[in-house]
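Engineer: So here's model-v5.cif (mmCIF, C-alpha atoms).
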data_upload
loop_
_atom_site.label_atom_id
_atom_site.label_comp_id
_atom_site.auth_asym_id
_atom_site.auth_seq_id
_atom_site.Cartn_x
_atom_site.Cartn_y
_atom_site.Cartn_z
CA MET A 1 103.07 203.79 -154.18
CA LYS A 2 105.14 204.88 -157.18
CA PRO A 3 106.70 208.38 -157.30
CA LYS A 4 104.32 209.52 -160.06
CA HIS A 5 101.35 208.48 -157.92
CA ILE A 6 102.76 210.42 -154.96
CA LEU A 7 103.13 213.52 -157.14
CA LEU A 8 99.55 213.11 -158.38
CA VAL A 9 98.18 212.94 -154.83
CA VAL A 10 100.10 216.05 -153.78
CA PHE A 11 99.02 217.92 -156.93
CA LEU A 12 95.34 217.11 -156.42
CA PHE A 13 95.37 218.14 -152.78
CA SER A 14 97.28 221.36 -153.47
CA THR A 15 95.17 222.48 -156.45
CA LEU A 16 91.81 221.41 -155.01
CA ASN A 17 92.52 222.84 -151.58
CA GLY A 18 89.09 224.42 -151.28
CA PHE A 19 87.49 220.99 -151.58
CA THR A 20 89.88 219.20 -149.21
CA GLN A 21 88.98 221.48 -146.30
CA ALA A 22 85.58 219.82 -145.99
CA VAL A 23 83.15 220.08 -143.08
CA TRP A 24 84.21 216.68 -141.78
CA GLU A 25 87.79 217.91 -141.51
CA VAL A 26 86.81 220.90 -139.41
CA ASN A 27 84.63 218.68 -137.21
CA PHE A 28 87.45 216.15 -136.85
CA VAL A 29 89.79 218.85 -135.54
CA ARG A 30 87.06 220.20 -133.26
CA ASN A 31 86.55 216.75 -131.75
CA ALA A 32 90.28 216.08 -131.36
CA ASN A 33 91.14 219.55 -130.04
CA PRO A 34 90.18 220.47 -126.46
CA VAL A 35 89.68 224.02 -125.20
CA ASN A 36 93.02 223.77 -123.40
CA PRO A 37 95.22 221.33 -125.37
CA ASN A 38 97.71 220.49 -122.62
CA ASN A 39 97.74 216.67 -122.67
CA GLN A 40 101.42 215.85 -122.10
CA LEU A 41 101.39 212.75 -124.33
CA TRP A 42 100.44 214.69 -127.47
CA LYS A 43 102.49 217.76 -126.60
CA THR A 44 105.56 215.61 -125.95
CA LEU A 45 105.08 213.60 -129.15
CA SER A 46 104.83 216.79 -131.17
CA SER A 47 107.98 218.20 -129.55
CA THR A 48 110.04 215.09 -130.42
CA GLU A 49 109.94 215.94 -134.14
CA LYS A 50 112.98 218.22 -134.39
CA PRO A 51 115.44 216.36 -132.10
CA ILE A 52 114.71 212.97 -133.66
CA VAL A 53 114.64 214.22 -137.25
CA ILE A 54 118.02 215.92 -136.76
CA GLY A 55 119.43 213.24 -134.48
CA VAL A 56 118.83 210.23 -136.74
CA PRO A 57 121.14 211.21 -139.65
CA MET A 58 123.72 212.63 -137.24
CA GLY A 59 123.66 209.46 -135.15
CA MET A 60 123.99 207.28 -138.24
CA PHE A 61 126.98 209.29 -139.45
CA VAL A 62 128.77 209.25 -136.09
CA ALA A 63 128.12 205.52 -135.68
CA GLY A 64 129.47 204.97 -139.20
CA LEU A 65 132.64 206.89 -138.37
CA ILE A 66 133.21 205.05 -135.10
CA THR A 67 132.67 201.62 -136.63
CA LYS A 68 134.29 202.61 -139.95
CA ASN A 69 131.11 201.49 -141.69
CA LYS A 70 131.03 203.26 -145.06
CA ASP A 71 127.54 201.95 -145.89
CA LEU A 72 126.14 203.50 -142.71
CA GLN A 73 127.80 206.80 -143.57
CA ILE A 74 126.22 206.70 -147.03
CA ASP A 75 122.84 205.99 -145.40
CA ALA A 76 123.38 209.09 -143.26
CA TYR A 77 124.06 211.17 -146.39
CA GLU A 78 120.91 209.72 -147.98
CA THR A 79 118.83 210.66 -144.95
CA ALA A 80 120.26 214.18 -144.80
CA ALA A 81 119.63 214.72 -148.53
CA GLY A 82 116.08 213.47 -148.19
CA LEU A 83 115.49 215.81 -145.27
CA VAL A 84 116.47 218.73 -147.50
CA ILE A 85 114.08 217.46 -150.20
CA THR A 86 111.11 217.11 -147.84
CA THR A 87 111.77 220.52 -146.26
CA LEU A 88 111.91 222.26 -149.65
CA ALA A 89 108.80 220.43 -150.90
CA THR A 90 106.83 221.22 -147.74
CA GLN A 91 107.77 224.90 -147.64
CA SER A 92 107.07 225.28 -151.37
CA LEU A 93 103.57 223.84 -150.98
CA LYS A 94 102.90 226.08 -147.99
CA ALA A 95 103.88 229.12 -150.05
CA ILE A 96 101.74 228.02 -153.02
CA VAL A 97 98.58 226.93 -151.20
CA LYS A 98 98.65 229.45 -148.31
CA ARG A 99 96.02 227.70 -146.23
CA PRO A 100 95.50 229.38 -142.82
CA ARG A 101 95.81 227.25 -139.72
CA PRO A 102 92.48 226.01 -138.32
CA TYR A 103 92.38 228.43 -135.37
CA ARG A 104 92.89 231.36 -137.75
CA THR A 105 89.59 230.50 -139.42
CA TYR A 106 87.52 228.94 -136.62
CA ALA A 107 87.25 230.59 -133.21
CA ASP A 108 86.27 227.31 -131.53
CA ILE A 109 89.58 225.61 -132.37
CA TYR A 110 92.28 226.28 -129.80
CA PRO A 111 96.03 226.08 -130.50
CA ASP A 112 98.70 225.09 -128.00
CA GLU A 113 100.70 228.04 -129.38
CA MET A 114 100.31 230.62 -132.11
CA ASP A 115 102.15 230.00 -135.39
CA ASP A 116 102.40 232.46 -138.27
CA SER A 117 103.26 229.85 -140.91
CA TYR A 118 100.70 228.22 -143.21
CA SER A 119 98.89 224.99 -142.49
CA PHE A 120 99.12 222.90 -145.70
CA PRO A 121 100.93 220.56 -145.54
CA SER A 122 102.05 219.73 -142.00
CA GLY A 123 105.81 220.24 -141.69
CA HIS A 124 106.03 218.12 -138.54
CA THR A 125 104.25 215.26 -140.28
CA SER A 126 106.32 215.42 -143.46
CA SER A 127 109.55 215.32 -141.42
CA VAL A 128 108.58 212.41 -139.18
CA PHE A 129 107.16 210.30 -142.02
CA PHE A 130 110.31 211.02 -143.98
CA ILE A 131 112.41 209.64 -141.11
CA ALA A 132 110.14 206.62 -140.61
CA THR A 133 110.16 205.76 -144.33
CA SER A 134 113.90 206.38 -144.61
CA LEU A 135 114.58 204.00 -141.71
CA ALA A 136 112.29 201.41 -143.31
CA LEU A 137 114.24 201.65 -146.57
CA THR A 138 117.73 201.59 -145.06
CA CYS A 139 117.34 199.35 -142.00
CA LYS A 140 114.59 196.99 -143.20
CA LYS A 141 113.98 195.60 -139.70
CA TRP A 142 110.44 195.40 -138.34
CA TYR A 143 111.46 196.29 -134.79
CA ILE A 144 112.74 199.62 -136.12
CA THR A 145 110.10 200.21 -138.81
CA VAL A 146 107.01 199.54 -136.66
CA PRO A 147 107.98 201.88 -133.78
CA ALA A 148 109.10 204.51 -136.30
CA PHE A 149 105.74 204.58 -138.10
CA THR A 150 103.84 204.39 -134.80
CA TRP A 151 105.76 207.45 -133.61
CA ALA A 152 105.18 209.26 -136.92
CA THR A 153 101.44 208.54 -136.79
CA GLY A 154 101.30 209.80 -133.22
CA VAL A 155 103.02 213.03 -134.18
CA GLY A 156 100.58 213.49 -137.06
CA TYR A 157 97.58 213.09 -134.75
CA SER A 158 99.15 215.40 -132.16
CA ARG A 159 99.21 218.23 -134.71
CA MET A 160 95.41 217.99 -134.98
CA TYR A 161 94.93 217.60 -131.23
CA LEU A 162 96.98 220.78 -130.74
CA GLY A 163 94.75 222.63 -133.22
CA GLN A 164 97.54 223.26 -135.73
CA HIS A 165 96.38 221.22 -138.75
CA TYR A 166 93.50 219.66 -140.66
CA PRO A 167 93.53 215.92 -141.56
CA SER A 168 94.44 216.70 -145.19
CA ASP A 169 97.44 218.73 -143.97
CA VAL A 170 98.63 215.68 -142.08
CA PHE A 171 97.86 213.23 -144.88
CA VAL A 172 99.69 215.20 -147.55
CA GLY A 173 102.54 215.86 -145.12
CA ALA A 174 102.92 212.10 -144.71
CA VAL A 175 102.86 211.61 -148.50
CA VAL A 176 105.47 214.33 -149.04
CA GLY A 177 107.71 212.86 -146.34
CA ALA A 178 107.45 209.30 -147.64
CA GLY A 179 107.93 210.47 -151.23
CA SER A 180 111.07 212.40 -150.26
CA ALA A 181 112.48 209.29 -148.59
CA TYR A 182 111.91 207.25 -151.74
CA ALA A 183 113.46 210.03 -153.86
CA SER A 184 116.64 210.21 -151.76
CA HIS A 185 116.84 206.40 -151.67
CA TRP A 186 116.57 206.28 -155.45
CA LEU A 187 119.27 208.93 -155.83
CA ASN A 188 121.49 207.01 -153.44
CA LYS A 189 121.12 203.77 -155.41
CA LYS A 190 121.59 205.53 -158.74
CA PHE A 191 124.68 207.57 -157.89
CA PHE A 192 126.44 206.58 -154.65
CA LEU A 193 125.94 202.82 -154.82
CA ARG A 194 126.57 202.75 -158.56
CA LYS A 195 129.82 204.67 -158.07
CA LYS A 196 130.78 202.27 -155.28
CA LYS A 197 130.24 199.24 -157.53
CA ILE A 198 132.30 200.82 -160.33
CA THR A 199 135.23 201.55 -157.98
CA GLN A 200 135.15 197.96 -156.73
CA LEU A 201 135.49 196.49 -160.23
CA PRO A 202 138.89 194.81 -160.88
#
Let's see the structure in the file written out as structure tokens.
Structural biologist:
Amino acid sequence: MKPKHILLVVFLFSTLNGFTQAVWEVNFVRNANPVNPNNQLWKTLSSTEKPIVIGVPMGMFVAGLITKNKDLQIDAYETAAGLVITTLATQSLKAIVKRPRPYRTYADIYPDEMDDSYSFPSGHTSSVFFIATSLALTCKKWYITVPAFTWATGVGYSRMYLGQHYPSDVFVGAVVGAGSAYASHWLNKKFFLRKKKITQLP
């Protein structure tokens, strides 16, 4: 998906928010969300978002320092920059759209915990899909990419199981995260790698 297509998807979902919260979305969350959402698999998956999202760029940078691998250090910078992009994009959309979380609107949807922030898009999902896409772009190894996207998908589903988000929140969160990864990768190739090639010229 090209960057302009990603922007179009996000724009449509953010401006037509009243249409995206369809009956099927509410029913999907109702079916996924139990009265007492305490399944440890989904709660644990959801809680892995912050440590992994922060740990991946830090781990890459430390490994690059230890092994004196400049390329790995640049990949760490790329990942950190993309994380800033996806966070800003997600928080901006939340402030613009201001969609309440499902349990704020429907009494028969039960959250694992109360959250005062807005629902659209899912911040957890944007972060984990950013990391998964970033790893796919920098590592390009299936045994890293497949588990990364499996984990990201699991986190996305967990946010609905826990009553925190609608499917469109999760979908757009994934698009924002993936788009941010592509944006930071493009910036890396355009500036850092270009500068590296210039400095290596005789």
Engineer: Between A:Val29, A:Ala89, A:Val62, A:Leu72, which has the minimum distance to Ala183 of chain A (counting all atoms listed in the file)?
Structural biologist: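 Smallest separation from Ala183 of chain A among the options: A:Ala89.
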Engineer: What is the atom CA of Tyr118 of chain A to atom CA of Ala95 of chain A distance in Å?
Structural biologist: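 One can read the atom CA of Tyr118 of chain A to atom CA of Ala95 of chain A distance as 7.6 Å.
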Engineer: Could you name the residues that touch Ala76 of chain A at 8 Å or less, counting all atoms listed in the file, but leaving out those on the same chain fewer than 6 positions away, as a ChimeraX atom specification?
Structural biologist: /A:57-58,60-61
Engineer: Find the residues near Asp71 of chain A: any atom within 12 Å, counting only C-alpha atoms, skip ones fewer than 5 places away on the same chain, and give them as a ChimeraX atom specification.
Structural biologist: /A:60-61,63-65,76-78,138-139,188-189,192-193,196
Engineer: Which is closest to Ala136 of chain A among A:Asp108, A:Glu25, A:Asp75, A:Glu113, if we use all atoms listed in the file?
Structural biologist: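 Comparing A:Asp108, A:Glu25, A:Asp75, A:Glu113 against Ala136 of chain A, the winner is A:Asp75.
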Engineer: Just how far from atom CA of Lys50 of chain A is atom CA of Tyr161 of chain A, in Å to one decimal?
Structural biologist: 18.3 Å
